[in-house]
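Asker: Let me begin by handing over the structure; questions about it come next.
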Amino acid sequence: MDKASITTIADRHLDAVYHIVLAYCKNAEDASDAVQNAFLKLMATNTAFKDDDHIRKWLIRVAINECRNFWHSFWRRNIVSLDELYEENENHPAFSAEESSADARGVYEAVLKLPDRYRTVVQLYYCENYSVDEIAEILRISPTNVQTRLYRGRKKLKDILEKGAFL
(Lines give C-alpha, C1' and ligand atoms only; values in the text may rest on other atoms or scores of the structure.)
Protein backbone atom coordinates (compact mmCIF):
# COMPACT_ATOMS: atom_id res chain seq x y z
CA MET A 1 0.00 0.00 0.00
CA ASP A 2 1.19 3.48 -0.72
CA LYS A 3 1.41 6.34 1.77
CA ALA A 4 -1.65 8.15 0.38
CA SER A 5 -3.93 5.13 0.75
CA ILE A 6 -2.68 4.46 4.31
CA THR A 7 -3.39 8.09 5.19
CA THR A 8 -6.89 7.84 3.75
CA ILE A 9 -7.54 4.61 5.66
CA ALA A 10 -6.20 6.14 8.87
CA ASP A 11 -8.45 9.19 8.45
CA ARG A 12 -11.49 6.93 8.10
CA HIS A 13 -10.82 4.27 10.71
CA LEU A 14 -8.30 5.46 13.29
CA ASP A 15 -10.83 6.79 15.82
CA ALA A 16 -13.13 3.76 15.67
CA VAL A 17 -10.29 1.27 16.00
CA TYR A 18 -8.72 3.29 18.81
CA HIS A 19 -11.95 3.45 20.86
CA ILE A 20 -12.57 -0.28 20.53
CA VAL A 21 -9.00 -1.04 21.57
CA LEU A 22 -9.09 1.50 24.39
CA ALA A 23 -12.09 -0.26 25.89
CA TYR A 24 -10.26 -3.56 25.52
CA CYS A 25 -6.87 -2.43 26.90
CA LYS A 26 -8.23 0.04 29.49
CA ASN A 27 -5.05 2.04 28.98
CA ALA A 28 -4.51 4.85 26.49
CA GLU A 29 -0.82 4.12 25.96
CA ASP A 30 -1.35 0.42 25.25
CA ALA A 31 -4.30 1.24 23.00
CA SER A 32 -2.17 3.70 21.02
CA ASP A 33 0.59 1.13 20.68
CA ALA A 34 -1.85 -1.55 19.53
CA VAL A 35 -3.43 0.74 16.94
CA GLN A 36 -0.02 1.84 15.71
CA ASN A 37 1.09 -1.79 15.37
CA ALA A 38 -2.12 -2.64 13.52
CA PHE A 39 -1.48 0.13 11.00
CA LEU A 40 2.15 -0.97 10.62
CA LYS A 41 0.91 -4.47 9.86
CA LEU A 42 -1.54 -3.00 7.37
CA MET A 43 1.34 -1.35 5.56
CA ALA A 44 3.23 -4.64 5.45
CA THR A 45 0.37 -6.95 4.49
CA ASN A 46 -0.26 -8.33 1.04
CA THR A 47 -3.92 -9.00 1.83
CA ALA A 48 -6.30 -8.18 -1.00
CA PHE A 49 -9.08 -6.23 0.68
CA LYS A 50 -12.55 -6.41 -0.84
CA ASP A 51 -13.71 -3.00 0.31
CA ASP A 52 -13.34 -0.34 2.98
CA ASP A 53 -15.39 -2.31 5.50
CA HIS A 54 -13.10 -5.32 5.05
CA ILE A 55 -10.11 -3.10 5.91
CA ARG A 56 -11.88 -1.78 9.03
CA LYS A 57 -12.72 -5.28 10.26
CA TRP A 58 -9.16 -6.42 9.57
CA LEU A 59 -7.75 -3.48 11.54
CA ILE A 60 -10.06 -4.16 14.49
CA ARG A 61 -9.09 -7.84 14.53
CA VAL A 62 -5.36 -7.09 14.37
CA ALA A 63 -5.59 -4.33 17.01
CA ILE A 64 -7.48 -6.62 19.41
CA ASN A 65 -4.82 -9.29 18.90
CA GLU A 66 -2.15 -6.70 19.65
CA CYS A 67 -3.96 -5.85 22.90
CA ARG A 68 -4.03 -9.49 23.85
CA ASN A 69 -0.30 -9.67 23.22
CA PHE A 70 0.22 -6.69 25.55
CA TRP A 71 -1.89 -8.26 28.27
CA HIS A 72 0.01 -11.54 28.07
CA SER A 73 3.45 -9.94 28.13
CA PHE A 74 5.58 -10.21 31.24
CA TRP A 75 5.79 -6.50 32.04
CA ARG A 76 2.06 -5.90 31.55
CA ARG A 77 0.83 -7.54 34.74
CA ASN A 78 -0.28 -4.32 36.46
CA ILE A 79 -3.88 -3.28 36.15
CA VAL A 80 -4.70 0.36 35.42
CA SER A 81 -7.38 1.77 37.67
CA LEU A 82 -10.58 3.06 36.10
CA ASP A 83 -9.92 6.43 37.74
CA GLU A 84 -6.74 6.76 35.69
CA LEU A 85 -8.63 5.82 32.54
CA TYR A 86 -11.31 8.43 33.16
CA GLU A 87 -8.73 11.13 33.85
CA GLU A 88 -7.06 10.33 30.52
CA ASN A 89 -10.41 10.48 28.74
CA GLU A 90 -11.77 13.69 30.28
CA ASN A 91 -11.49 15.40 26.89
CA HIS A 92 -12.99 12.48 25.01
CA PRO A 93 -15.37 13.88 22.35
CA ALA A 94 -18.11 11.48 23.42
CA PHE A 95 -18.26 13.28 26.76
CA SER A 96 -18.11 16.92 25.80
CA ALA A 97 -20.19 19.15 28.04
CA GLU A 98 -22.77 19.97 25.36
CA GLU A 99 -23.38 16.41 24.21
CA SER A 100 -22.92 14.36 27.35
CA SER A 101 -24.90 13.70 30.45
CA ALA A 102 -24.09 12.00 33.72
CA ASP A 103 -26.16 9.04 32.51
CA ALA A 104 -24.05 8.63 29.36
CA ARG A 105 -20.85 8.72 31.39
CA GLY A 106 -22.33 6.23 33.83
CA VAL A 107 -23.22 3.82 31.04
CA TYR A 108 -19.72 4.21 29.57
CA GLU A 109 -18.16 3.47 32.95
CA ALA A 110 -20.44 0.46 33.42
CA VAL A 111 -19.51 -0.91 29.99
CA LEU A 112 -15.84 -0.61 30.92
CA LYS A 113 -16.50 -2.77 33.98
CA LEU A 114 -17.77 -5.64 31.84
CA PRO A 115 -15.43 -8.59 31.30
CA ASP A 116 -13.48 -8.36 28.01
CA ARG A 117 -15.53 -11.00 26.22
CA TYR A 118 -18.77 -9.08 26.81
CA ARG A 119 -17.39 -5.55 26.58
CA THR A 120 -15.97 -6.12 23.10
CA VAL A 121 -19.20 -7.47 21.58
CA VAL A 122 -21.33 -4.82 23.30
CA GLN A 123 -19.11 -2.04 21.97
CA LEU A 124 -18.96 -3.48 18.44
CA TYR A 125 -22.73 -4.01 18.36
CA TYR A 126 -23.97 -0.79 19.95
CA CYS A 127 -21.19 1.73 19.30
CA GLU A 128 -19.88 0.55 15.95
CA ASN A 129 -23.23 -0.79 14.66
CA TYR A 130 -21.86 -4.10 13.45
CA SER A 131 -24.29 -6.97 12.96
CA VAL A 132 -23.99 -10.22 14.86
CA ASP A 133 -22.56 -11.94 11.78
CA GLU A 134 -19.98 -9.20 11.25
CA ILE A 135 -18.89 -9.37 14.90
CA ALA A 136 -18.60 -13.15 14.60
CA GLU A 137 -16.35 -12.67 11.58
CA ILE A 138 -14.19 -10.04 13.31
CA LEU A 139 -13.76 -12.05 16.53
CA ARG A 140 -13.67 -15.41 14.76
CA ILE A 141 -16.42 -16.91 16.87
CA SER A 142 -19.83 -18.25 15.93
CA PRO A 143 -22.85 -15.92 15.55
CA THR A 144 -24.56 -17.90 18.31
CA ASN A 145 -21.62 -17.18 20.60
CA VAL A 146 -21.89 -13.46 19.76
CA GLN A 147 -25.60 -13.49 20.60
CA THR A 148 -24.88 -15.29 23.87
CA ARG A 149 -22.19 -12.78 24.79
CA LEU A 150 -24.51 -9.88 23.93
CA TYR A 151 -27.26 -11.36 26.09
CA ARG A 152 -24.94 -11.98 29.02
CA GLY A 153 -23.22 -8.61 28.56
CA ARG A 154 -26.55 -6.77 28.62
CA LYS A 155 -27.58 -8.72 31.71
CA LYS A 156 -24.32 -7.88 33.51
CA LEU A 157 -24.58 -4.26 32.35
CA LYS A 158 -28.10 -4.06 33.76
CA ASP A 159 -26.90 -5.47 37.10
CA ILE A 160 -24.04 -2.97 37.25
CA LEU A 161 -26.35 -0.05 36.44
CA GLU A 162 -29.05 -1.14 38.89
CA LYS A 163 -26.53 -1.48 41.70
CA GLY A 164 -25.02 1.89 40.85
CA ALA A 165 -21.62 0.21 40.89
CA PHE A 166 -20.27 2.75 38.42
CA LEU A 167 -20.56 5.64 40.86
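Identifiers for the C-alpha coordinates are assigned positionally: chains receive A, B, ... in sequence, residues are indexed from 1 per chain, and ligands are indexed from 1 in the order shown.
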Counting only C-alpha atoms, what is within 9 Å of range 29-33 of chain A, bar same-chain residues fewer than 4 positions away, as a PDB file with N, CA and C atoms, in the first residue's frame?

Answerer:
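This is the output file out.pdb:
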```pdb
ATOM      1  N   TYR A  18      -9.304   2.862  17.535  1.00  0.00           N
ATOM      2  CA  TYR A  18      -8.722   3.285  18.811  1.00  0.00           C
ATOM      3  C   TYR A  18      -9.714   3.112  19.960  1.00  0.00           C
ATOM      4  N   HIS A  19     -10.967   3.526  19.772  1.00  0.00           N
ATOM      5  CA  HIS A  19     -11.950   3.445  20.859  1.00  0.00           C
ATOM      6  C   HIS A  19     -12.277   2.000  21.222  1.00  0.00           C
ATOM      7  N   ILE A  20     -12.333   1.139  20.242  1.00  0.00           N
ATOM      8  CA  ILE A  20     -12.570  -0.278  20.532  1.00  0.00           C
ATOM      9  C   ILE A  20     -11.402  -0.844  21.332  1.00  0.00           C
ATOM     10  N   VAL A  21     -10.197  -0.530  20.902  1.00  0.00           N
ATOM     11  CA  VAL A  21      -9.002  -1.044  21.566  1.00  0.00           C
ATOM     12  C   VAL A  21      -8.831  -0.419  22.946  1.00  0.00           C
ATOM     13  N   LEU A  22      -9.179   0.844  23.091  1.00  0.00           N
ATOM     14  CA  LEU A  22      -9.090   1.500  24.394  1.00  0.00           C
ATOM     15  C   LEU A  22      -9.995   0.801  25.401  1.00  0.00           C
ATOM     16  N   ALA A  23     -11.187   0.450  24.988  1.00  0.00           N
ATOM     17  CA  ALA A  23     -12.094  -0.262  25.887  1.00  0.00           C
ATOM     18  C   ALA A  23     -11.537  -1.639  26.228  1.00  0.00           C
ATOM     19  N   TYR A  24     -10.827  -2.224  25.302  1.00  0.00           N
ATOM     20  CA  TYR A  24     -10.260  -3.558  25.521  1.00  0.00           C
ATOM     21  C   TYR A  24      -9.025  -3.486  26.420  1.00  0.00           C
ATOM     22  N   CYS A  25      -8.130  -2.537  26.148  1.00  0.00           N
ATOM     23  CA  CYS A  25      -6.875  -2.425  26.901  1.00  0.00           C
ATOM     24  C   CYS A  25      -7.043  -1.710  28.236  1.00  0.00           C
ATOM     25  N   ASN A  37       0.617  -0.508  15.886  1.00  0.00           N
ATOM     26  CA  ASN A  37       1.091  -1.795  15.367  1.00  0.00           C
ATOM     27  C   ASN A  37       0.144  -2.353  14.310  1.00  0.00           C
ATOM     28  N   ALA A  38      -1.148  -2.161  14.508  1.00  0.00           N
ATOM     29  CA  ALA A  38      -2.116  -2.637  13.520  1.00  0.00           C
ATOM     30  C   ALA A  38      -1.916  -1.915  12.185  1.00  0.00           C
ATOM     31  N   ALA A  63      -5.791  -5.167  15.822  1.00  0.00           N
ATOM     32  CA  ALA A  63      -5.591  -4.332  17.010  1.00  0.00           C
ATOM     33  C   ALA A  63      -5.992  -5.073  18.281  1.00  0.00           C
ATOM     34  N   GLU A  66      -3.278  -7.427  19.070  1.00  0.00           N
ATOM     35  CA  GLU A  66      -2.149  -6.696  19.650  1.00  0.00           C
ATOM     36  C   GLU A  66      -2.398  -6.428  21.130  1.00  0.00           C
ATOM     37  N   CYS A  67      -3.622  -6.061  21.489  1.00  0.00           N
ATOM     38  CA  CYS A  67      -3.960  -5.851  22.902  1.00  0.00           C
ATOM     39  C   CYS A  67      -3.755  -7.123  23.708  1.00  0.00           C
ATOM     40  N   PHE A  70      -0.218  -7.554  24.455  1.00  0.00           N
ATOM     41  CA  PHE A  70       0.223  -6.688  25.547  1.00  0.00           C
ATOM     42  C   PHE A  70      -0.171  -7.271  26.895  1.00  0.00           C
TER      43      PHE A  70
END
```

Asker: Taking the backbone alone, and naming residues the way the document does, which bits of range 117-167 of chain A are alpha helix (DSSP H) by DSSP, as an MDAnalysis selection string?

Answerer: chainID A and resid 117:122 132:139 143:163

Asker: Quick one: everything within 9 Å of Leu150 in chain A, counting only C-alpha atoms, minus sequence neighbours fewer than 2 positions away in the same chain. Send it as a list in words.

Answerer: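 Result of the neighbour search: Tyr118, Arg119, Val121, Val122, Tyr125, Asn145, Val146, Gln147, Thr148, Arg152, Gly153, Arg154 and Lys155 of chain A.
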
Asker: Only N, CA and C atoms, please: the residues just picked out, written as an mmCIF file, in the first residue's frame.

Answerer:
```cif
data_model
loop_
_atom_site.group_PDB
_atom_site.id
_atom_site.type_symbol
_atom_site.label_atom_id
_atom_site.label_comp_id
_atom_site.auth_asym_id
_atom_site.auth_seq_id
_atom_site.Cartn_x
_atom_site.Cartn_y
_atom_site.Cartn_z
ATOM 1 N N TYR A 118 -17.470 -9.729 26.983
ATOM 2 C CA TYR A 118 -18.765 -9.079 26.815
ATOM 3 C C TYR A 118 -18.601 -7.626 26.359
ATOM 4 N N ARG A 119 -17.610 -6.947 26.908
ATOM 5 C CA ARG A 119 -17.392 -5.551 26.578
ATOM 6 C C ARG A 119 -17.121 -5.370 25.077
ATOM 7 N N VAL A 121 -18.024 -7.288 22.439
ATOM 8 C CA VAL A 121 -19.197 -7.472 21.577
ATOM 9 C C VAL A 121 -20.224 -6.373 21.795
ATOM 10 N N VAL A 122 -20.384 -5.912 23.026
ATOM 11 C CA VAL A 122 -21.329 -4.820 23.296
ATOM 12 C C VAL A 122 -20.885 -3.561 22.573
ATOM 13 N N TYR A 125 -21.317 -3.963 18.754
ATOM 14 C CA TYR A 125 -22.727 -4.006 18.362
ATOM 15 C C TYR A 125 -23.397 -2.640 18.516
ATOM 16 N N ASN A 145 -22.465 -17.607 19.485
ATOM 17 C CA ASN A 145 -21.623 -17.181 20.597
ATOM 18 C C ASN A 145 -21.705 -15.663 20.771
ATOM 19 N N VAL A 146 -21.748 -14.926 19.675
ATOM 20 C CA VAL A 146 -21.894 -13.464 19.757
ATOM 21 C C VAL A 146 -23.217 -13.114 20.427
ATOM 22 N N GLN A 147 -24.295 -13.763 20.008
ATOM 23 C CA GLN A 147 -25.603 -13.494 20.601
ATOM 24 C C GLN A 147 -25.610 -13.818 22.091
ATOM 25 N N THR A 148 -24.964 -14.910 22.465
ATOM 26 C CA THR A 148 -24.883 -15.286 23.872
ATOM 27 C C THR A 148 -24.109 -14.243 24.664
ATOM 28 N N ARG A 152 -25.567 -11.981 27.707
ATOM 29 C CA ARG A 152 -24.940 -11.980 29.025
ATOM 30 C C ARG A 152 -24.339 -10.612 29.354
ATOM 31 N N GLY A 153 -23.781 -9.952 28.354
ATOM 32 C CA GLY A 153 -23.224 -8.615 28.564
ATOM 33 C C GLY A 153 -24.294 -7.612 28.955
ATOM 34 N N ARG A 154 -25.442 -7.669 28.262
ATOM 35 C CA ARG A 154 -26.550 -6.767 28.618
ATOM 36 C C ARG A 154 -27.049 -7.061 30.031
ATOM 37 N N LYS A 155 -27.111 -8.332 30.369
ATOM 38 C CA LYS A 155 -27.576 -8.715 31.707
ATOM 39 C C LYS A 155 -26.613 -8.194 32.783
#
```

Asker: Quick one: residues within 9 Å of Ile60 in chain A, only C-alpha atoms counted, chain neighbours fewer than 2 positions away excluded, as a PyMOL selection string?

Answerer: chain A and resi 16-18+20-21+35+38+55-58+62-65+138-139

Asker: Suppose you want the space between CA of Asp133 in chain A and CA of Ser5 in chain A; what is it in Å?

Answerer: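 It comes out at 27.6 Å.
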
Asker: Counting only C-alpha atoms, which residue out of A:Val111, A:Cys127, A:Ala4, A:Ile9 sits closest to Ile160 in chain A?

Answerer: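 Among A:Val111, A:Cys127, A:Ala4, A:Ile9, it is A:Val111 that comes nearest to Ile160 in chain A.
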